[in-house]
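work_22.cif (mmCIF, C-alpha atoms) appears below.
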data_data
loop_
_atom_site.label_atom_id
_atom_site.label_comp_id
_atom_site.auth_asym_id
_atom_site.auth_seq_id
_atom_site.Cartn_x
_atom_site.Cartn_y
_atom_site.Cartn_z
CA MET A 1 89.70 104.01 83.93
CA LEU A 2 88.13 106.88 81.90
CA PRO A 3 90.45 108.23 79.18
CA ASP A 4 92.16 111.52 80.10
CA PRO A 5 90.53 113.68 77.41
CA LEU A 6 87.12 112.53 78.61
CA THR A 7 87.92 113.41 82.22
CA ARG A 8 89.13 116.84 81.10
CA LEU A 9 85.98 117.52 79.08
CA VAL A 10 83.83 116.47 82.04
CA GLU A 11 85.81 118.92 84.22
CA GLN A 12 85.28 121.78 81.77
CA LEU A 13 81.56 121.04 81.35
CA GLN A 14 81.07 120.92 85.13
CA LYS A 15 82.15 124.56 85.32
CA LEU A 16 79.00 125.55 83.42
CA PRO A 17 76.01 126.64 85.52
CA GLY A 18 73.47 123.95 86.40
CA ILE A 19 75.65 121.10 85.16
CA GLY A 20 76.75 118.61 87.81
CA ALA A 21 79.07 115.61 87.69
CA LYS A 22 76.48 113.22 86.23
CA GLY A 23 75.19 115.74 83.70
CA ALA A 24 78.71 116.63 82.56
CA GLN A 25 79.54 112.96 82.01
CA ARG A 26 76.34 112.48 80.05
CA LEU A 27 77.15 115.47 77.82
CA ALA A 28 80.75 114.29 77.29
CA PHE A 29 79.63 110.81 76.21
CA HIS A 30 77.07 112.41 73.90
CA ILE A 31 79.73 114.58 72.26
CA LEU A 32 81.97 111.52 71.95
CA LYS A 33 79.27 109.43 70.31
CA ASN A 34 77.93 112.06 67.89
CA PRO A 35 79.54 113.08 64.57
CA ARG A 36 82.70 115.17 64.64
CA ASP A 37 80.87 117.88 62.64
CA ASP A 38 78.48 118.50 65.53
CA ALA A 39 81.41 118.99 67.91
CA GLU A 40 83.06 121.35 65.40
CA ARG A 41 79.90 123.42 65.03
CA LEU A 42 79.60 123.71 68.81
CA CYS A 43 83.23 124.85 69.10
CA GLU A 44 82.81 127.37 66.31
CA ALA A 45 79.70 128.78 67.96
CA ILE A 46 81.57 129.14 71.27
CA ARG A 47 84.55 130.87 69.59
CA ASP A 48 82.25 133.09 67.52
CA ILE A 49 80.34 134.37 70.51
CA LYS A 50 83.60 135.38 72.22
CA GLU A 51 84.98 137.02 69.06
CA ARG A 52 81.95 138.78 67.65
CA VAL A 53 79.66 139.66 70.53
CA THR A 54 80.55 142.72 72.55
CA TYR A 55 78.82 145.11 74.96
CA CYS A 56 77.15 148.37 73.90
CA THR A 57 79.11 151.32 75.30
CA VAL A 58 75.84 153.21 75.89
CA CYS A 59 73.54 150.66 77.53
CA ASN A 60 75.89 147.65 78.16
CA ASN A 61 73.53 145.27 76.37
CA ILE A 62 75.17 142.58 74.23
CA THR A 63 75.52 143.48 70.57
CA GLU A 64 77.49 142.88 67.40
CA GLN A 65 77.63 146.61 66.58
CA ASP A 66 78.41 149.33 69.08
CA PRO A 67 76.22 151.24 69.92
CA CYS A 68 73.55 148.54 69.83
CA GLY A 69 70.37 148.37 67.77
CA PHE A 70 68.23 149.73 70.61
CA CYS A 71 70.39 152.78 71.28
CA THR A 72 70.57 153.76 67.60
CA SER A 73 66.94 152.96 66.71
CA VAL A 74 64.73 155.89 65.65
CA SER A 75 61.60 153.81 66.27
CA ARG A 76 62.40 153.36 69.98
CA ASP A 77 61.62 156.03 72.54
CA GLN A 78 65.08 157.20 73.67
CA ARG A 79 63.47 159.21 76.49
CA LEU A 80 62.31 156.06 78.33
CA ILE A 81 64.99 153.83 79.91
CA CYS A 82 64.31 150.40 81.39
CA VAL A 83 67.04 149.38 83.86
CA VAL A 84 67.76 145.64 84.16
CA GLU A 85 70.45 143.62 85.93
CA GLU A 86 71.70 141.35 83.15
CA PRO A 87 71.69 141.32 79.33
CA GLN A 88 69.44 138.25 79.34
CA ASN A 89 66.74 140.27 81.13
CA VAL A 90 66.38 142.47 78.05
CA SER A 91 64.80 139.67 76.03
CA VAL A 92 62.29 138.99 78.84
CA VAL A 93 61.05 142.60 78.57
CA GLU A 94 61.21 142.51 74.74
CA LYS A 95 58.97 139.42 74.66
CA THR A 96 56.08 141.49 76.02
CA ARG A 97 56.22 143.43 72.70
CA GLU A 98 54.85 146.41 74.60
CA PHE A 99 57.93 148.28 75.75
CA ARG A 100 59.09 150.78 73.11
CA GLY A 101 61.86 152.49 75.09
CA VAL A 102 65.54 151.65 75.46
CA TYR A 103 67.57 149.79 78.08
CA HIS A 104 70.35 150.17 80.58
CA VAL A 105 72.05 146.98 81.79
CA LEU A 106 73.68 147.26 85.23
CA MET A 107 75.70 144.03 84.86
CA GLY A 108 74.61 142.82 88.27
CA ALA A 109 72.91 144.00 91.44
CA LEU A 110 74.18 145.42 94.74
CA SER A 111 75.18 142.56 97.00
CA PRO A 112 77.44 143.43 99.95
CA LEU A 113 77.54 139.73 100.90
CA HIS A 114 79.16 138.89 97.55
CA GLY A 115 81.30 142.03 97.59
CA VAL A 116 79.33 143.81 94.84
CA GLY A 117 79.17 147.54 95.55
CA PRO A 118 77.94 150.52 93.48
CA ASP A 119 81.32 150.87 91.73
CA ASP A 120 81.04 147.32 90.36
CA LEU A 121 77.82 148.17 88.52
CA LYS A 122 77.29 150.32 85.40
CA ILE A 123 75.62 153.09 87.38
CA GLN A 124 77.75 156.07 86.26
CA GLY A 125 76.73 155.51 82.64
CA LEU A 126 73.05 155.57 83.63
CA LEU A 127 73.48 158.81 85.59
CA SER A 128 75.27 160.44 82.62
CA ARG A 129 72.46 159.45 80.27
CA VAL A 130 69.90 161.00 82.65
CA LYS A 131 72.03 164.10 83.30
CA ASP A 132 72.23 164.74 79.56
CA GLY A 133 68.60 165.73 80.02
CA ALA A 134 67.04 163.69 77.24
CA VAL A 135 65.32 161.20 79.57
CA ASP A 136 61.72 161.43 80.86
CA GLU A 137 61.38 158.21 82.82
CA VAL A 138 63.56 155.45 84.26
CA ILE A 139 61.80 152.13 84.91
CA LEU A 140 63.65 150.05 87.51
CA ALA A 141 63.23 146.42 86.41
CA THR A 142 65.84 144.83 88.67
CA ASN A 143 64.89 141.44 90.12
CA PRO A 144 62.21 141.34 92.86
CA ASN A 145 64.64 139.90 95.43
CA VAL A 146 66.76 141.42 98.22
CA GLU A 147 69.64 142.45 95.93
CA GLY A 148 67.37 143.77 93.17
CA GLU A 149 65.25 145.75 95.64
CA ALA A 150 68.31 147.28 97.31
CA THR A 151 69.67 148.23 93.88
CA ALA A 152 66.35 149.80 92.87
CA LEU A 153 66.18 151.85 96.09
CA TYR A 154 69.78 152.98 95.68
CA LEU A 155 69.20 154.05 92.07
CA ALA A 156 65.95 155.83 92.92
CA ARG A 157 67.77 157.92 95.52
CA LEU A 158 70.40 158.95 92.95
CA LEU A 159 68.01 159.51 90.06
CA LYS A 160 65.13 161.46 91.63
CA PRO A 161 67.22 164.58 92.42
CA LEU A 162 68.02 164.74 88.69
CA GLY A 163 64.37 165.57 88.01
CA VAL A 164 63.48 162.38 86.14
CA ARG A 165 60.42 160.21 86.78
CA VAL A 166 61.53 156.97 88.48
CA THR A 167 59.24 153.91 88.56
CA ARG A 168 59.51 150.32 89.76
CA ILE A 169 57.88 147.31 88.05
CA ALA A 170 54.88 145.88 89.93
CA MET A 171 55.25 142.88 92.23
CA GLY A 172 52.28 140.60 92.86
CA ILE A 173 50.62 137.31 92.00
CA PRO A 174 51.88 135.93 88.64
CA VAL A 175 49.19 135.79 85.94
CA GLY A 176 47.71 132.29 85.55
CA SER A 177 48.83 131.11 88.97
CA ASP A 178 46.74 130.33 92.02
CA LEU A 179 46.49 132.36 95.27
CA GLU A 180 46.95 129.09 97.13
CA TYR A 181 50.59 128.90 96.00
CA ALA A 182 51.50 132.54 96.66
CA ASP A 183 54.05 133.11 99.42
CA GLU A 184 53.24 135.67 102.10
CA VAL A 185 55.64 138.35 100.85
CA THR A 186 54.29 138.19 97.30
CA MET A 187 50.72 138.23 98.60
CA SER A 188 51.39 141.24 100.80
CA ARG A 189 52.98 143.05 97.81
CA ALA A 190 49.90 142.18 95.75
CA MET A 191 47.64 143.69 98.43
CA GLU A 192 49.83 146.77 98.76
CA GLY A 193 49.83 147.30 94.99
CA ARG A 194 46.04 146.90 94.59
CA ARG A 195 44.23 149.23 92.17
CA GLU A 196 40.71 150.55 91.66
CA VAL A 197 38.75 148.47 89.16
CA MET B 198 67.09 141.28 69.06
CA LEU B 199 69.69 138.71 70.25
CA PRO B 200 72.96 138.88 68.29
CA ASP B 201 73.35 136.16 65.64
CA PRO B 202 76.35 134.40 67.21
CA LEU B 203 74.41 134.07 70.47
CA THR B 204 71.38 132.57 68.70
CA ARG B 205 73.66 130.09 66.92
CA LEU B 206 75.37 129.02 70.14
CA VAL B 207 71.97 128.56 71.81
CA GLU B 208 70.93 126.37 68.84
CA GLN B 209 74.05 124.21 69.14
CA LEU B 210 73.75 123.85 72.92
CA GLN B 211 70.09 122.83 72.61
CA LYS B 212 71.16 119.78 70.61
CA LEU B 213 72.85 118.38 73.73
CA PRO B 214 70.82 115.92 75.82
CA GLY B 215 68.84 117.37 78.72
CA ILE B 216 69.39 120.99 77.66
CA GLY B 217 66.28 122.92 76.71
CA ALA B 218 65.77 126.43 75.33
CA LYS B 219 66.09 128.17 78.70
CA GLY B 220 69.08 126.11 79.79
CA ALA B 221 70.88 126.70 76.50
CA GLN B 222 70.37 130.46 76.77
CA ARG B 223 71.66 130.41 80.33
CA LEU B 224 74.78 128.51 79.27
CA ALA B 225 75.39 130.83 76.31
CA PHE B 226 75.17 133.95 78.48
CA HIS B 227 77.50 132.30 80.98
CA ILE B 228 80.08 131.56 78.26
CA LEU B 229 79.72 135.13 76.99
CA LYS B 230 80.27 136.63 80.44
CA ASN B 231 83.19 134.45 81.53
CA PRO B 232 86.84 134.85 80.46
CA ARG B 233 87.85 133.90 76.93
CA ASP B 234 90.32 131.37 78.39
CA ASP B 235 87.47 129.33 79.87
CA ALA B 236 85.76 129.16 76.47
CA GLU B 237 89.07 128.16 74.85
CA ARG B 238 89.65 125.37 77.36
CA LEU B 239 86.13 124.05 76.77
CA CYS B 240 86.68 124.06 72.98
CA GLU B 241 90.03 122.33 73.32
CA ALA B 242 88.52 119.66 75.55
CA ILE B 243 85.75 119.05 72.99
CA ARG B 244 88.23 118.83 70.08
CA ASP B 245 90.58 116.63 72.11
CA ILE B 246 87.93 114.09 72.94
CA LYS B 247 87.04 113.73 69.26
CA GLU B 248 90.70 113.46 68.20
CA ARG B 249 92.19 111.29 70.89
CA VAL B 250 89.45 109.03 72.22
CA THR B 251 88.60 106.00 70.14
CA TYR B 252 86.83 102.67 70.65
CA CYS B 253 88.63 99.45 71.59
CA THR B 254 88.46 96.99 68.68
CA VAL B 255 88.08 94.09 71.14
CA CYS B 256 85.45 95.29 73.63
CA ASN B 257 84.23 98.63 72.08
CA ASN B 258 84.90 100.51 75.28
CA ILE B 259 86.31 104.03 74.90
CA THR B 260 90.07 104.26 75.10
CA GLU B 261 93.13 106.25 74.07
CA GLN B 262 95.07 103.07 73.14
CA ASP B 263 93.64 100.20 71.15
CA PRO B 264 93.16 97.56 72.57
CA CYS B 265 92.08 99.20 75.81
CA GLY B 266 93.58 98.89 79.28
CA PHE B 267 91.04 96.26 80.34
CA CYS B 268 91.62 93.98 77.34
CA THR B 269 95.42 94.10 77.70
CA SER B 270 95.55 93.90 81.52
CA VAL B 271 97.16 90.84 83.05
CA SER B 272 95.57 91.59 86.41
CA ARG B 273 92.02 91.29 85.00
CA ASP B 274 90.34 87.94 84.48
CA GLN B 275 90.06 87.69 80.69
CA ARG B 276 87.81 84.61 81.06
CA LEU B 277 84.98 86.66 82.60
CA ILE B 278 83.14 89.12 80.34
CA CYS B 279 80.59 91.67 81.57
CA VAL B 280 78.28 92.82 78.73
CA VAL B 281 76.93 96.38 78.97
CA GLU B 282 74.97 98.60 76.60
CA GLU B 283 77.08 101.79 76.59
CA PRO B 284 80.67 102.78 77.43
CA GLN B 285 79.42 104.89 80.34
CA ASN B 286 78.02 101.74 81.98
CA VAL B 287 81.57 100.40 82.39
CA SER B 288 82.40 102.98 85.04
CA VAL B 289 79.24 102.10 86.99
CA VAL B 290 80.45 98.48 87.28
CA GLU B 291 84.05 99.62 87.97
CA LYS B 292 82.89 101.75 90.89
CA THR B 293 81.88 98.59 92.79
CA ARG B 294 85.65 97.73 92.86
CA GLU B 295 84.58 94.10 92.95
CA PHE B 296 84.47 93.05 89.32
CA ARG B 297 87.88 91.82 88.13
CA GLY B 298 86.88 90.60 84.66
CA VAL B 299 86.72 92.43 81.32
CA TYR B 300 83.94 94.10 79.36
CA HIS B 301 82.04 93.98 76.11
CA VAL B 302 80.13 97.10 75.10
CA LEU B 303 77.18 96.45 72.75
CA MET B 304 76.79 100.14 71.77
CA GLY B 305 73.04 100.04 72.40
CA ALA B 306 70.19 97.62 73.02
CA LEU B 307 67.69 95.86 70.77
CA SER B 308 64.78 98.21 70.10
CA PRO B 309 62.55 97.34 67.12
CA LEU B 310 60.51 100.51 67.79
CA HIS B 311 63.62 102.66 67.19
CA GLY B 312 64.83 100.44 64.34
CA VAL B 313 67.72 98.94 66.31
CA GLY B 314 68.19 95.26 65.32
CA PRO B 315 70.91 92.71 66.16
CA ASP B 316 73.08 93.89 63.24
CA ASP B 317 73.25 97.39 64.72
CA LEU B 318 74.87 96.09 67.91
CA LYS B 319 78.40 94.76 68.51
CA ILE B 320 77.16 91.19 68.94
CA GLN B 321 79.41 89.42 66.40
CA GLY B 322 82.52 90.56 68.28
CA LEU B 323 81.15 89.09 71.51
CA LEU B 324 80.35 85.77 69.82
CA SER B 325 83.89 85.61 68.35
CA ARG B 326 85.43 86.24 71.75
CA VAL B 327 83.37 83.41 73.25
CA LYS B 328 83.98 81.07 70.29
CA ASP B 329 87.73 81.52 70.74
CA GLY B 330 87.14 79.35 73.78
CA ALA B 331 88.95 81.44 76.37
CA VAL B 332 85.76 82.59 78.16
CA ASP B 333 84.16 80.91 81.19
CA GLU B 334 81.27 83.24 81.96
CA VAL B 335 79.35 86.08 80.33
CA ILE B 336 77.49 88.39 82.74
CA LEU B 337 74.64 90.21 80.99
CA ALA B 338 74.51 93.67 82.56
CA THR B 339 72.21 95.35 80.05
CA ASN B 340 69.67 97.78 81.54
CA PRO B 341 66.73 96.35 83.52
CA ASN B 342 64.14 97.75 81.07
CA VAL B 343 62.25 96.30 78.08
CA GLU B 344 65.09 96.84 75.57
CA GLY B 345 67.81 95.65 77.94
CA GLU B 346 65.82 92.55 78.92
CA ALA B 347 65.10 91.67 75.27
CA THR B 348 68.80 92.10 74.45
CA ALA B 349 69.83 89.89 77.39
CA LEU B 350 67.39 87.15 76.34
CA TYR B 351 68.57 87.34 72.73
CA LEU B 352 72.24 87.11 73.75
CA ALA B 353 71.57 84.26 76.18
CA ARG B 354 69.99 82.25 73.36
CA LEU B 355 73.07 82.80 71.15
CA LEU B 356 75.68 82.26 73.87
CA LYS B 357 74.44 79.18 75.73
CA PRO B 358 74.92 76.78 72.77
CA LEU B 359 78.59 77.85 72.75
CA GLY B 360 79.03 76.10 76.10
CA VAL B 361 79.68 79.23 78.17
CA ARG B 362 78.05 80.09 81.50
CA VAL B 363 75.59 82.97 80.96
CA THR B 364 74.29 85.02 83.91
CA ARG B 365 72.09 88.09 84.34
CA ILE B 366 72.57 90.77 87.03
CA ALA B 367 69.98 90.65 89.83
CA MET B 368 66.93 92.90 89.79
CA GLY B 369 65.27 93.90 93.05
CA ILE B 370 64.89 96.61 95.65
CA PRO B 371 67.79 99.12 95.55
CA VAL B 372 69.95 99.10 98.69
CA GLY B 373 69.06 101.94 101.08
CA SER B 374 65.60 102.51 99.60
CA ASP B 375 62.23 101.79 101.17
CA LEU B 376 59.78 99.02 100.19
CA GLU B 377 57.06 101.66 100.22
CA TYR B 378 58.51 103.25 97.09
CA ALA B 379 59.14 100.05 95.12
CA ASP B 380 57.01 99.61 91.99
CA GLU B 381 55.17 96.32 91.52
CA VAL B 382 57.47 94.95 88.82
CA THR B 383 60.62 95.58 90.88
CA MET B 384 58.94 94.11 93.97
CA SER B 385 57.88 90.99 92.10
CA ARG B 386 61.46 90.60 90.74
CA ALA B 387 62.75 90.97 94.29
CA MET B 388 60.41 88.17 95.47
CA GLU B 389 61.35 85.96 92.53
CA GLY B 390 65.04 86.44 93.18
CA ARG B 391 64.84 85.73 96.92
CA ARG B 392 67.60 83.68 98.51
CA GLU B 393 68.06 81.50 101.61
CA VAL B 394 69.52 83.42 104.54
#
Represent the supplied structure as structure tokens.
Amino acid sequence: MLPDPLTRLVEQLQKLPGIGAKGAQRLAFHILKNPRDDAERLCEAIRDIKERVTYCTVCNNITEQDPCGFCTSVSRDQRLICVVEEPQNVSVVEKTREFRGVYHVLMGALSPLHGVGPDDLKIQGLLSRVKDGAVDEVILATNPNVEGEATALYLARLLKPLGVRVTRIAMGIPVGSDLEYADEVTMSRAMEGRREV
Amino acid sequence: MLPDPLTRLVEQLQKLPGIGAKGAQRLAFHILKNPRDDAERLCEAIRDIKERVTYCTVCNNITEQDPCGFCTSVSRDQRLICVVEEPQNVSVVEKTREFRGVYHVLMGALSPLHGVGPDDLKIQGLLSRVKDGAVDEVILATNPNVEGEATALYLARLLKPLGVRVTRIAMGIPVGSDLEYADEVTMSRAMEGRREV
């Protein structure tokens, strides 16, 4: 006996990641109860993001201007490229406030199971940037899972012959956590990656 | 370094219940990545719900026509009113497929701590419906928490002098759960409400 428009909104909200049937209904009732202005502002923000945000033709990061702020910045080291899977990974690296290079977003990771091959990723653009000769080092910061590892290995094999330094971010015990909770793969990576103190 | 429109969408999404900073960012990136049509459909559904869904002037339930389908139905027992706090509670009762009466939505519960008094709830409408004399029983199905209990007690005190039968839904151990996990208040309510077998 739910009104049609409510059912339709619940359907649309359920398509969003991490929102199930109960959550979608809760959100729909919230939108219904709250002022019309709030709903308008939400709609405008959704429209705006689709209209105004685009992808940088150099690094594929999201941006309002193309090329993006990173690729045109004189204060960033254009000879150091950090490769990530998704645009949202850029802000994770930025939050460290220590990386002063630029980025290259692959828009995914190799995943034969999901039908994602090399041609589905922004790999050609990365190779062109390196071939242009103005790059010293490529840091592979793909996710530390099966797909991310496979992607990193694949890229390393393509990049090394071009005479560029290729590195992979370290895997190990997260800072502030407890050895007790480390899984065996992480622990073995932490041992493997040990350093002199 | 996130584009402005993205930051604004994250802000708007964070205002929704149960969506934090991380969740909002995840949703925003999802909307950005997915086809424009999906975003359009979501916006339309949000606008539609604000334009087309209204509240029934009899029972305050959400509806596209006023009065709502329950209040105008000849197959529902108009002499039996189930009182709930919010419109979303109606569907919980409907799902039992056993209740054949009508509803009255209070639009909240008494909560002095949050500044919600009797005048903030749709109590007058309920009293009018009962005073009109065409009601046999009022089932108080407010939530089984402090606010819901206080509201039920308050309503019972107002309704009983009007010569109507007033009942409260049973509290006890949920069906399919285990006594081991029952808290002491629920367990004591279950003992109190015991019946002959």
Item to check | Neighbour list for range 10-20 of chain A as a list in words, cut-off 9 Å, all atoms listed in the file, skip fewer than 6 positions in-chain | outcome: Arg26, Leu27 and Ala28 of chain A; Gly220, Arg223, Leu224, His227, Ile228, Asp235, Arg238, Leu239 and Ala242 of chain B
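Each of B:Leu203, B:Leu303, B:Leu376, B:Ile336 was compared to Gln285 in chain B using all atoms listed in the file, and B:Leu303 turns out to be the nearest.
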Close residues, Ile366 in chain B itself excluded, 10 Å, only C-alpha atoms, min 3 positions apart in chain, as a JSON list (two decimals) with C-alpha atoms, in the frame of the given file:
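So the final result, stored in part_16.json, reads:
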[["chain", "number", "residue", "atom", "x", "y", "z"],
["B", 279, "CYS", "CA", 80.59, 91.67, 81.57],
["B", 336, "ILE", "CA", 77.49, 88.39, 82.74],
["B", 337, "LEU", "CA", 74.64, 90.21, 80.99],
["B", 338, "ALA", "CA", 74.51, 93.67, 82.56],
["B", 339, "THR", "CA", 72.21, 95.35, 80.05],
["B", 340, "ASN", "CA", 69.67, 97.78, 81.54],
["B", 341, "PRO", "CA", 66.73, 96.35, 83.52],
["B", 369, "GLY", "CA", 65.27, 93.90, 93.05]]
Item to check | Within 12 Å of Pro371 in chain B using all atoms listed in the file, minus same-chain residues under 3 positions, as a list in words | outcome: Ala367, Met368, Ser374, Asp375, Leu376, Glu377, Tyr378, Ala379, Asp380, Thr383, Met384, Arg386 and Ala387 of chain B
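Considering the residues A:Asp37, A:Glu86, A:Glu147, A:Asp136 and counting only C-alpha atoms, Ser111 in chain A has its shortest atom-to-atom contact with A:Glu147.
Taking CA of Pro87 in chain A as the reference point, CA of Phe99 in chain A is found at 15.8 Å.
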Item to check | Output check: residues returned by the PyMOL selection byres ((chain A and resi 107) around 9), as a list of chain:residue names | outcome: A:Asn60, A:Asn61, A:Val84, A:Glu85, A:Glu86, A:Pro87, A:Val105, A:Leu106, A:Gly108, A:Ala109, A:Asp120, A:Leu121, A:Lys122
Checklist entry - At what distance in Å, to one decimal, does CA of Lys292 in chain B lie from CA of Glu248 in chain B? => result 26.7 Å
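The list of residues with at least one atom within 10 Å of Arg129 in chain A, based on only C-alpha atoms and without residues fewer than 4 positions apart in the same chain, reads A:Val58, A:Cys59, A:Arg79, A:Ile81, A:His104, A:Gln124, A:Gly125, A:Gly133, A:Ala134, A:Val135.
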Using the selection just defined, write its residues with C-alpha atoms as a PDB file, in the coordinates of the input.
ATOM      1  CA  VAL A  58      75.840 153.210  75.890  1.00  0.00           C
ATOM      2  CA  CYS A  59      73.540 150.660  77.530  1.00  0.00           C
ATOM      3  CA  ARG A  79      63.470 159.210  76.490  1.00  0.00           C
ATOM      4  CA  ILE A  81      64.990 153.830  79.910  1.00  0.00           C
ATOM      5  CA  HIS A 104      70.350 150.170  80.580  1.00  0.00           C
ATOM      6  CA  GLN A 124      77.750 156.070  86.260  1.00  0.00           C
ATOM      7  CA  GLY A 125      76.730 155.510  82.640  1.00  0.00           C
ATOM      8  CA  GLY A 133      68.600 165.730  80.020  1.00  0.00           C
ATOM      9  CA  ALA A 134      67.040 163.690  77.240  1.00  0.00           C
ATOM     10  CA  VAL A 135      65.320 161.200  79.570  1.00  0.00           C
TER      11      VAL A 135
END
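Here the question is which of A:Ala21, A:Leu80, A:Val74, A:Leu9 gets nearest to Ile246 in chain B using all atoms listed in the file, and that residue is A:Leu9.
When all atoms listed in the file are used to compute distances to Lys230 in chain B, the closest of the residues A:Asn89, A:Ile62, A:Gly117, A:Arg8 turns out to be A:Ile62.
Each of A:Val53, A:Leu162, A:Leu113, A:Leu127 was compared to chain B using only C-alpha atoms, and A:Val53 turns out to be the nearest.
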Which centre and which edge lengths, in Å to one decimal, describe the axis-aligned box that holds all listed atoms of range 99-110 of chain A after 6 Å is added on each side, as AutoDock Vina command-line options?
--center_x 66.8 --center_y 147.7 --center_z 83.9 --size_x 29.8 --size_y 21.7 --size_z 33.6
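Here CA of Asp245 in chain B stands at a distance of 14.5 Å from CA of Glu44 in chain A.
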Item to check | Resolved residues for the PyMOL selection byres ((chain B and resi 352) around 10) as a count of residues only | outcome: 19
Checklist entry - With all atoms listed in the file as the basis for distance, which of A:Gly193, A:Gly115, A:Pro3, A:Pro161 is at the shortest distance from Thr260 in chain B? => result A:Pro3
